[in-house]
>>> print(open('upload_2.cif').read())   # mmCIF, C-alpha atoms
data_coords
#
loop_
_atom_site.label_atom_id
_atom_site.label_comp_id
_atom_site.auth_asym_id
_atom_site.auth_seq_id
_atom_site.Cartn_x
_atom_site.Cartn_y
_atom_site.Cartn_z
CA MET A 21 -52.94 -14.09 -95.02
CA SER A 22 -51.93 -10.46 -94.47
CA ASN A 23 -48.90 -9.36 -92.48
CA ASP A 24 -51.19 -7.99 -89.76
CA GLU A 25 -52.99 -11.32 -89.44
CA ILE A 26 -49.67 -13.17 -89.29
CA PHE A 27 -48.40 -10.75 -86.65
CA ILE A 28 -51.57 -11.21 -84.55
CA GLN A 29 -51.33 -14.99 -84.91
CA LEU A 30 -47.66 -14.90 -83.87
CA GLN A 31 -48.57 -12.81 -80.82
CA HIS A 32 -51.15 -15.43 -79.84
CA SER A 33 -48.65 -18.21 -80.47
CA ARG A 34 -46.07 -16.41 -78.30
CA GLN A 35 -48.68 -16.04 -75.57
CA ASP A 36 -49.59 -19.74 -75.85
CA LEU A 37 -45.91 -20.66 -75.60
CA GLN A 38 -45.44 -18.49 -72.51
CA GLU A 39 -48.53 -19.99 -70.84
CA PHE A 40 -47.24 -23.47 -71.62
CA ILE A 41 -43.82 -22.60 -70.15
CA ASP A 42 -45.42 -21.13 -67.02
CA GLN A 43 -47.62 -24.19 -66.57
CA SER A 44 -44.75 -26.62 -67.17
CA SER A 45 -42.47 -24.84 -64.72
CA LYS A 46 -44.89 -25.63 -61.89
CA GLN A 47 -44.63 -29.38 -62.38
CA LEU A 48 -41.68 -31.56 -61.42
CA VAL A 49 -40.25 -33.70 -64.18
CA GLU A 50 -40.70 -37.32 -63.15
CA ASP A 51 -38.89 -39.13 -65.94
CA ASP A 52 -37.60 -39.06 -69.49
CA ILE A 53 -41.11 -39.57 -70.85
CA ASN A 54 -42.18 -36.26 -69.27
CA VAL A 55 -39.13 -34.56 -70.78
CA ALA A 56 -39.94 -35.96 -74.25
CA HIS A 57 -43.55 -34.79 -73.99
CA TYR A 58 -42.45 -31.31 -72.87
CA PHE A 59 -39.94 -31.14 -75.72
CA GLU A 60 -42.53 -32.10 -78.37
CA CYS A 61 -45.08 -29.57 -77.08
CA PHE A 62 -42.45 -26.83 -76.83
CA ARG A 63 -41.15 -27.53 -80.34
CA THR A 64 -44.67 -27.49 -81.79
CA LEU A 65 -45.42 -24.14 -80.17
CA SER A 66 -42.03 -22.52 -80.87
CA ASN A 67 -41.34 -23.60 -84.47
CA PRO A 68 -43.62 -21.01 -86.13
CA LEU A 69 -42.23 -18.28 -83.89
CA ILE A 70 -38.65 -19.15 -84.86
CA SER A 71 -39.38 -19.59 -88.55
CA TYR A 72 -41.04 -16.13 -88.78
CA GLY A 73 -38.26 -14.56 -86.70
CA TYR A 74 -40.70 -13.50 -83.99
CA VAL A 75 -38.50 -15.21 -81.37
CA SER A 76 -34.74 -15.61 -81.73
CA GLU A 77 -33.15 -19.02 -81.30
CA LYS A 78 -31.22 -17.74 -78.29
CA GLU A 79 -34.44 -16.52 -76.64
CA CYS A 80 -36.13 -19.81 -77.52
CA ASN A 81 -33.30 -21.73 -75.84
CA LYS A 82 -33.73 -19.70 -72.66
CA LEU A 83 -37.50 -20.18 -72.77
CA PHE A 84 -37.09 -23.93 -73.10
CA PHE A 85 -34.99 -24.05 -69.92
CA GLN A 86 -37.48 -21.80 -68.09
CA GLY A 87 -40.17 -24.43 -68.68
CA PHE A 88 -38.58 -26.74 -66.15
CA HIS A 89 -39.50 -26.66 -62.46
CA PRO A 90 -36.94 -24.77 -60.27
CA ASP A 91 -35.93 -28.02 -58.56
CA THR A 92 -35.32 -29.56 -61.98
CA HIS A 93 -33.22 -26.49 -62.87
CA CYS A 94 -30.89 -27.31 -59.99
CA LEU A 95 -30.57 -30.95 -61.02
CA LEU A 96 -29.99 -30.12 -64.66
CA ARG A 97 -27.54 -27.29 -64.02
CA ARG A 98 -25.26 -29.56 -62.02
CA HIS A 99 -25.53 -32.29 -64.63
CA ILE A 100 -24.97 -29.93 -67.56
CA ILE A 101 -22.02 -28.26 -65.88
CA ASP A 102 -20.48 -31.66 -65.25
CA MET A 103 -21.03 -32.65 -68.87
CA ARG A 104 -20.14 -29.37 -70.54
CA ARG A 105 -17.75 -27.33 -68.48
CA LYS A 106 -18.09 -23.54 -68.75
CA LEU A 107 -21.44 -23.64 -70.59
CA ARG A 108 -24.51 -22.18 -68.92
CA PRO A 109 -27.85 -23.93 -69.54
CA GLY A 110 -29.89 -22.30 -72.27
CA ALA A 111 -27.21 -19.73 -73.20
CA ASN A 112 -24.60 -21.33 -75.45
CA PHE A 113 -26.43 -24.29 -76.99
CA ASP A 114 -29.88 -24.91 -78.37
CA PHE A 115 -32.87 -26.55 -76.77
CA GLN A 116 -32.28 -29.77 -78.74
CA ASP A 117 -28.96 -30.13 -76.90
CA LEU A 118 -30.64 -29.36 -73.58
CA PHE A 119 -33.40 -31.84 -74.35
CA ASP A 120 -30.83 -34.54 -75.14
CA ILE A 121 -29.04 -33.92 -71.84
CA ALA A 122 -32.27 -33.72 -69.78
CA HIS A 123 -33.76 -36.78 -71.48
CA THR A 124 -30.61 -38.84 -70.85
CA PHE A 125 -30.40 -37.63 -67.25
CA PHE A 126 -34.00 -38.53 -66.41
CA ARG A 127 -33.83 -41.83 -68.32
CA ARG A 128 -30.88 -42.84 -66.13
CA ILE A 129 -32.83 -41.88 -63.02
CA ARG A 130 -35.88 -43.85 -64.19
CA LEU A 131 -33.75 -46.90 -65.01
CA ALA A 132 -32.02 -46.70 -61.62
CA VAL A 133 -35.40 -46.52 -59.85
CA GLU A 134 -36.72 -49.46 -61.86
CA ALA A 135 -33.58 -51.49 -61.11
CA LYS A 136 -33.91 -50.75 -57.39
CA ALA A 137 -37.58 -51.76 -57.45
CA THR A 138 -36.66 -55.00 -59.22
CA ARG A 139 -33.95 -55.77 -56.67
CA GLN A 140 -36.40 -55.10 -53.82
CA LYS A 141 -39.02 -57.31 -55.45
CA LEU A 142 -36.51 -60.15 -55.87
CA ALA A 143 -35.35 -59.74 -52.27
CA GLN A 144 -38.97 -59.83 -51.09
CA GLU A 145 -39.66 -62.93 -53.18
CA GLY A 146 -36.56 -64.58 -51.64
CA GLU A 147 -37.78 -63.72 -48.14
CA ASP A 148 -41.25 -65.01 -48.98
CA TRP A 149 -39.76 -68.27 -50.24
CA GLU A 150 -37.61 -68.64 -47.11
CA LEU A 151 -40.60 -67.95 -44.84
CA LYS A 152 -42.69 -70.46 -46.77
CA GLN A 153 -39.96 -73.09 -46.34
CA LEU A 154 -39.73 -72.47 -42.59
CA ILE A 155 -43.50 -72.53 -42.04
CA SER A 156 -44.05 -75.60 -44.22
CA GLY A 157 -41.22 -77.35 -42.34
CA MET A 158 -42.99 -76.64 -39.04
CA TRP A 159 -46.45 -77.53 -40.33
CA ASP A 160 -46.47 -81.29 -39.74
CA LEU A 161 -44.28 -81.27 -36.62
CA SER A 162 -45.36 -81.36 -33.02
CA ILE A 163 -44.59 -78.31 -30.88
CA HIS A 164 -42.60 -80.76 -28.71
CA ASP A 165 -40.33 -81.81 -31.60
CA PRO A 166 -36.77 -80.36 -31.37
CA THR A 167 -36.82 -79.69 -35.15
CA TYR A 168 -39.94 -77.56 -34.63
CA ALA A 169 -38.05 -75.57 -31.99
CA VAL A 170 -35.11 -74.96 -34.36
CA LEU A 171 -37.40 -73.86 -37.21
CA TYR A 172 -39.40 -71.67 -34.83
CA ARG A 173 -36.21 -69.92 -33.62
CA GLN A 174 -35.04 -69.33 -37.19
CA CYS A 175 -38.43 -67.95 -38.14
CA ALA A 176 -38.52 -65.75 -35.03
CA HIS A 177 -35.08 -64.39 -35.85
CA HIS A 178 -35.80 -63.55 -39.52
CA PHE A 179 -39.59 -63.01 -39.54
CA PRO A 180 -40.82 -62.15 -36.02
CA LYS A 181 -44.18 -60.79 -37.23
CA ALA A 182 -44.95 -64.00 -39.12
CA LEU A 183 -45.20 -66.00 -35.89
CA GLN A 184 -48.27 -64.25 -34.51
CA GLY A 185 -50.68 -67.02 -33.55
CA VAL A 186 -48.13 -69.78 -34.11
CA PRO A 187 -47.64 -71.85 -30.94
CA LYS A 188 -44.25 -71.66 -29.28
CA PRO A 189 -42.24 -74.86 -29.03
CA GLU A 190 -42.48 -76.77 -25.78
CA PRO A 191 -40.01 -79.37 -24.52
CA MET A 192 -41.26 -82.95 -24.42
CA GLN A 193 -42.36 -83.73 -20.88
CA ASP A 194 -41.13 -87.31 -20.79
CA ALA A 195 -37.78 -86.57 -22.45
CA ALA A 196 -34.55 -86.50 -20.45
CA PRO A 197 -33.01 -83.06 -20.04
CA TRP A 198 -30.37 -82.15 -22.58
CA ARG A 199 -26.77 -82.22 -21.47
CA THR A 200 -23.97 -80.42 -23.19
CA LEU A 201 -20.69 -82.19 -22.86
CA GLY A 202 -17.28 -81.11 -23.98
CA LEU A 203 -14.83 -83.44 -25.67
CA TRP A 204 -13.49 -84.65 -22.33
CA GLY A 205 -17.00 -85.19 -21.01
CA ILE A 206 -17.82 -87.51 -23.92
CA CYS A 207 -14.71 -89.57 -23.30
CA THR A 208 -15.47 -89.76 -19.58
CA CYS A 209 -19.10 -90.73 -20.20
CA ARG A 210 -18.11 -93.56 -22.56
CA TYR A 211 -15.86 -95.04 -19.95
CA GLU A 212 -18.65 -94.77 -17.41
CA GLY A 213 -21.11 -96.44 -19.79
CA ILE A 214 -23.12 -93.34 -20.60
CA ARG A 215 -23.81 -92.85 -24.25
#
>>> encode(input="upload_2.cif", output="structure tokens")
Amino acid sequence: MSNDEIFIQLQHSRQDLQEFIDQSSKQLVEDDINVAHYFECFRTLSNPLISYGYVSEKECNKLFFQGFHPDTHCLLRRHIIDMRRKLRPGANFDFQDLFDIAHTFFRRIRLAVEAKATRQKLAQEGEDWELKQLISGMWDLSIHDPTYAVLYRQCAHHFPKALQGVPKPEPMQDAAPWRTLGLWGICTCRYEGIR
């Protein structure tokens, strides 16, 4: 291959790299898997340019950082500054270092999101189990049963939407009205023969 052909091919490769960077910078990074994919594509496109000296390593480092969405820039800058005081992204270290930092950062975010989703799922499963216990406890009881009334109130307190169509408890019509007596009332009633 002649020098002119190599030069033309390098120009095309540089153009392909720039198009890739422009396209990548329009998409938000969602997780560490996106960062790894971006890194592999960038490295594949930039390696020939670096090895032939068509692009300097310093320029390549800056280009790598440019390939991130502006919102991702903000996230990464803060994280990089926290991790490496006094270093500016893309200026004083290579894109492998930046990839390592970005990959770790987004992996932590992904793991935190997954952990939160797991906690929410477990909480929902616990609520589902509790609701099932309340409803199954009410299932065989009469709406006049005091236990039904207690379970209904608990269900209404914790799961108000679950009671749509469920009959409200009703007091038994032939039962004596409930009396609440204090300690002295109980003693007095016993002496009077009321139990």
>>> atom_distance(input="upload_2.cif", atom1="atom CA of Val55 of chain A", atom2="atom CA of Arg139 of chain A")
26.0 Å
>>> closest_atom_pairs(input="upload_2.cif", of="segment 64-89 of chain A", to="segment 112-133 of chain A", cutoff="8 Å", atoms="all atoms listed in the file", output="JSON lines")
{"residue": "A:Glu77", "atom": "CA", "partner": "A:Asp114", "partner_atom": "CA", "distance": 7.3}
{"residue": "A:Lys78", "atom": "CA", "partner": "A:Asp114", "partner_atom": "CA", "distance": 7.3}
{"residue": "A:Cys80", "atom": "CA", "partner": "A:Phe115", "partner_atom": "CA", "distance": 7.5}
{"residue": "A:Asn81", "atom": "CA", "partner": "A:Phe115", "partner_atom": "CA", "distance": 4.9}
{"residue": "A:Phe84", "atom": "CA", "partner": "A:Phe115", "partner_atom": "CA", "distance": 6.2}
{"residue": "A:Phe85", "atom": "CA", "partner": "A:Phe115", "partner_atom": "CA", "distance": 7.6}
>>> resolve_selection(input="upload_2.cif", expression="the PyMOL selection byres ((chain A and resi 174) around 12)", output="ChimeraX atom specification")
/A:150-151,153-155,157-158,167-173,175-180,182-183
>>> atom_distance(input="upload_2.cif", atom1="atom CA of Ala137 of chain A", atom2="atom CA of Arg98 of chain A")
25.8 Å
>>> closest_residue(input="upload_2.cif", among="A:His89, A:Lys152, A:Lys46, A:Lys188", to="His164 of chain A", atoms="all atoms listed in the file")
A:Lys188
>>> residues_around(input="upload_2.cif", residues="Gln86 of chain A", least_positions_apart="5", cutoff="12 Å", atoms="only C-alpha atoms", output="NGL selection string")
:A and (37-47 or 58 or 62 or 79-81 or 91-94 or 96 or 109-111 or 115 or 118)
>>> atom_distance(input="upload_2.cif", atom1="atom CA of Leu161 of chain A", atom2="atom CA of Pro191 of chain A")
13.0 Å
>>> residues_around(input="upload_2.cif", residues="segment 27-31 of chain A", least_positions_apart="5", cutoff="9 Å", atoms="only C-alpha atoms", output="ChimeraX atom specification")
/A:22,36,68-69,72,74
>>> build_atoms(input="upload_2.cif", residues="segment 118-139 of chain A", atoms="N, CA and C atoms", output="CSV table (one decimal), keeping the file's coordinate frame")
chain,number,residue,atom,x,y,z
A,118,LEU,N,-30.1,-29.3,-75.0
A,118,LEU,CA,-30.6,-29.4,-73.6
A,118,LEU,C,-31.6,-30.5,-73.4
A,119,PHE,N,-32.5,-30.7,-74.4
A,119,PHE,CA,-33.4,-31.8,-74.4
A,119,PHE,C,-32.6,-33.2,-74.3
A,120,ASP,N,-31.6,-33.3,-75.1
A,120,ASP,CA,-30.8,-34.5,-75.1
A,120,ASP,C,-30.2,-34.8,-73.8
A,121,ILE,N,-29.7,-33.8,-73.2
A,121,ILE,CA,-29.0,-33.9,-71.8
A,121,ILE,C,-30.1,-34.3,-70.8
A,122,ALA,N,-31.2,-33.5,-70.8
A,122,ALA,CA,-32.3,-33.7,-69.8
A,122,ALA,C,-32.9,-35.1,-70.0
A,123,HIS,N,-33.1,-35.5,-71.2
A,123,HIS,CA,-33.8,-36.8,-71.5
A,123,HIS,C,-32.9,-37.9,-71.0
A,124,THR,N,-31.6,-37.8,-71.3
A,124,THR,CA,-30.6,-38.8,-70.8
A,124,THR,C,-30.5,-38.9,-69.3
A,125,PHE,N,-30.5,-37.7,-68.7
A,125,PHE,CA,-30.4,-37.6,-67.2
A,125,PHE,C,-31.6,-38.3,-66.6
A,126,PHE,N,-32.8,-38.0,-67.0
A,126,PHE,CA,-34.0,-38.5,-66.4
A,126,PHE,C,-34.2,-40.0,-66.8
A,127,ARG,N,-33.7,-40.4,-68.0
A,127,ARG,CA,-33.8,-41.8,-68.3
A,127,ARG,C,-32.9,-42.6,-67.4
A,128,ARG,N,-31.8,-42.1,-67.1
A,128,ARG,CA,-30.9,-42.8,-66.1
A,128,ARG,C,-31.5,-42.9,-64.8
A,129,ILE,N,-32.2,-41.9,-64.3
A,129,ILE,CA,-32.8,-41.9,-63.0
A,129,ILE,C,-34.0,-42.9,-63.0
A,130,ARG,N,-34.8,-42.9,-64.1
A,130,ARG,CA,-35.9,-43.8,-64.2
A,130,ARG,C,-35.4,-45.3,-64.2
A,131,LEU,N,-34.3,-45.5,-65.0
A,131,LEU,CA,-33.8,-46.9,-65.0
A,131,LEU,C,-33.2,-47.3,-63.7
A,132,ALA,N,-32.6,-46.4,-63.0
A,132,ALA,CA,-32.0,-46.7,-61.6
A,132,ALA,C,-33.2,-47.0,-60.6
A,133,VAL,N,-34.2,-46.3,-60.7
A,133,VAL,CA,-35.4,-46.5,-59.8
A,133,VAL,C,-36.0,-47.9,-60.2
A,134,GLU,N,-36.2,-48.2,-61.5
A,134,GLU,CA,-36.7,-49.5,-61.9
A,134,GLU,C,-35.8,-50.6,-61.4
A,135,ALA,N,-34.5,-50.4,-61.5
A,135,ALA,CA,-33.6,-51.5,-61.1
A,135,ALA,C,-33.7,-51.7,-59.6
A,136,LYS,N,-33.8,-50.6,-58.9
A,136,LYS,CA,-33.9,-50.8,-57.4
A,136,LYS,C,-35.2,-51.5,-57.0
A,137,ALA,N,-36.3,-51.1,-57.7
A,137,ALA,CA,-37.6,-51.8,-57.4
A,137,ALA,C,-37.5,-53.3,-57.8
A,138,THR,N,-36.8,-53.6,-58.8
A,138,THR,CA,-36.7,-55.0,-59.2
A,138,THR,C,-35.9,-55.8,-58.2
A,139,ARG,N,-34.8,-55.1,-57.7
A,139,ARG,CA,-34.0,-55.8,-56.7
A,139,ARG,C,-34.8,-56.0,-55.4
